[in-house]
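Here is the structure we will look at, set down as C-alpha cells.
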Amino acid sequence: MAAFTRRAFLQWSGLTCLLFTTRRLFALAPLRSRGDVPWKVQQVLKQLFGDRPVQEGHVQLDVPTVAADGRVVPVMVESDLPMTANAYVKAIHVLVDNNPDIHIAEFRLTPEIGQAFLSTRIKMRMTSPVRAIIETSDGAVWGAAADVRVTVNGCG
Amino acid sequence: MRRDVGAGRILIPTTIRRGDVIDVRALVEHPMATGLFRDPEGHPIPAYFINDVSVTYGDREVAHFAWTSGISRDPFVEFPLRADREAPLSFTWKDNKGGVFQQTVDIKFAA
C-alpha cells in the first residue's frame, strides 16, 4: 500500500468534495424545476387524461402571486386555441395541488362559447401551485401552472 | 342564516349586436360549505355546495360545469358567448342536497 502522502490526501479530499457538491446539486434540481408534478397530482391527471401527456403552452393562467384570503382566490384561464365547430376547447380543468380536493372544477365548453376564456373564484387551503389544464376536442391536453402564496386557510 | 340561498344573477351587456362575442357573468348565492369547517360551538358544518351547473342558450347546452366545494362562496363565473341568435340564456345550478336554482335572461339584439 502506498504511503499516506500529501498528494494522495489532496486528491482524495478533492474527489470527495466534488462528490458531495454534485449530490447537493442533484438534490436541489427537482425543487427548482416548476415542471415537477407531485405524485398525488399525477394520480389525478392520470384519472382525468389517462396516458395523454400534459403539454406546456397555449394556456394562460392568471392568478395572484399572493392571496391574502384563501377563501376567495380569483382565477382566470385563457387560451389562444381556436373555438370553431370542428376544433375547440372541450374542457378547462382547475387543480390545486395542496387542497383536500385537488381537482376542484371542470368547465365543459362548446364552440358556441366564442373564445376560450374563463374566470372564477376558488378556495385554497395553503400555499400551492394552481394548475389550469385545457382539453381540446381532438384530445390534446395543454396546461399551465402558477404558485399562489396563501395566508388564510380557505378550506377548513 | 343565509338570506337567499340560490338567488342567481346573470349579467350580460346592455347592447348586443348579432355575432358579437359577449361577456356573460353569473353569480348565485350559496354557502359552498366544504364540510371541513366547524361552527363556533364546535359542531361540524356539513358539506353543502353546488356541484353541477348547466348553461343553455335557446335549446342548446353551451356549457356544463362540474364543481366541488373548492369554488368560493357565492360562486361566480365569467365566460364569453357568441351571440348569434335571439334566445333566452339560462343557468341551472344544482347542489349536493338536491337544490335546483334557475335564472334566465333574454339575449336580444339592439335595433
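So you can find residues: chains in the C-alpha cells are A, B, ... in the order shown, residues in each start at 1, and ligands are numbered from 1 in order.
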Item to check | Met124 in chain A surroundings by only C-alpha atoms, 12 Å radius, close-in-sequence under 3 positions cut, as number ranges by chain | outcome: A: 63, 66-75, 94-104, 121, 127-130, 147-156; B: 34, 69-72
Item to check | At most 9 Å to chain A: residues in chain B, only C-alpha atoms, as a ChimeraX atom specification | outcome: /B:20-22,33-38,51,61-73,75-84
Take the residues that were just selected and, keeping C-alpha atoms, output them as a CSV table (one decimal), in the first residue's frame.
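Result file follows (out03.csv):
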chain,number,residue,atom,x,y,z
B,20,ASP,CA,-70.9,39.6,-31.0
B,21,VAL,CA,-68.8,37.6,-28.6
B,22,ILE,CA,-70.4,38.9,-25.3
B,33,ALA,CA,-69.7,24.7,2.7
B,34,THR,CA,-66.8,22.3,2.4
B,35,GLY,CA,-67.8,20.1,5.4
B,36,LEU,CA,-64.4,20.7,7.0
B,37,PHE,CA,-65.2,23.9,9.0
B,38,ARG,CA,-66.9,23.9,12.4
B,51,ASN,CA,-71.7,20.6,-7.9
B,61,GLU,CA,-76.5,23.5,-23.8
B,62,VAL,CA,-73.4,25.6,-24.4
B,63,ALA,CA,-71.5,24.9,-21.2
B,64,HIS,CA,-71.6,22.5,-18.3
B,65,PHE,CA,-69.6,22.8,-15.2
B,66,ALA,CA,-68.7,20.2,-12.6
B,67,TRP,CA,-67.7,21.8,-9.3
B,68,THR,CA,-66.6,20.8,-5.9
B,69,SER,CA,-66.6,22.8,-2.6
B,70,GLY,CA,-63.3,24.2,-3.8
B,71,ILE,CA,-65.2,27.0,-5.5
B,72,SER,CA,-65.7,30.1,-3.4
B,73,ARG,CA,-68.9,31.0,-1.5
B,75,PRO,CA,-69.9,31.1,-6.8
B,76,PHE,CA,-69.1,33.5,-9.7
B,77,VAL,CA,-68.2,32.6,-13.2
B,78,GLU,CA,-67.4,34.7,-16.3
B,79,PHE,CA,-67.1,33.4,-19.8
B,80,PRO,CA,-67.7,34.7,-23.4
B,81,LEU,CA,-70.6,33.6,-25.6
B,82,ARG,CA,-71.1,34.1,-29.3
B,83,ALA,CA,-74.5,35.8,-29.5
B,84,ASP,CA,-75.7,34.6,-32.9
Item to check | Which of B:Lys108, B:Lys97, B:Arg17, B:Arg60 sits closest to Met32 in chain B [using only C-alpha atoms] | outcome: B:Lys97
Checklist entry - Could you write out, as a PyMOL selection string, all the residues of chain B that DSSP marks as strand (DSSP E or B)? => result chain B and resi 8-11+21-28+33+38+44+48+50-57+60-67+71+76-82+87-95+100-107
Item to check | All residues 6 Å or closer to range 43-60 of chain A, only C-alpha atoms, same chain fewer than 5 positions away omitted, as a PyMOL selection string | outcome: chain A and resi 77-80+141-144
With C-alpha atoms retained, could you export that selection as an mmCIF file, in the first residue's frame?
data_model
loop_
_atom_site.group_PDB
_atom_site.id
_atom_site.type_symbol
_atom_site.label_atom_id
_atom_site.label_comp_id
_atom_site.auth_asym_id
_atom_site.auth_seq_id
_atom_site.Cartn_x
_atom_site.Cartn_y
_atom_site.Cartn_z
ATOM 1 C CA VAL A 77 -57.791 30.964 -17.667
ATOM 2 C CA GLU A 78 -57.351 31.993 -21.251
ATOM 3 C CA SER A 79 -56.228 30.158 -24.331
ATOM 4 C CA ASP A 80 -55.312 31.100 -27.885
ATOM 5 C CA VAL A 141 -54.053 18.344 -23.318
ATOM 6 C CA TRP A 142 -52.389 21.673 -22.560
ATOM 7 C CA GLY A 143 -51.534 23.039 -19.161
ATOM 8 C CA ALA A 144 -50.082 25.921 -17.200
#
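Across the model, the gap from CA of Pro31 in chain B to CA of Leu11 in chain B is 20.7 Å.
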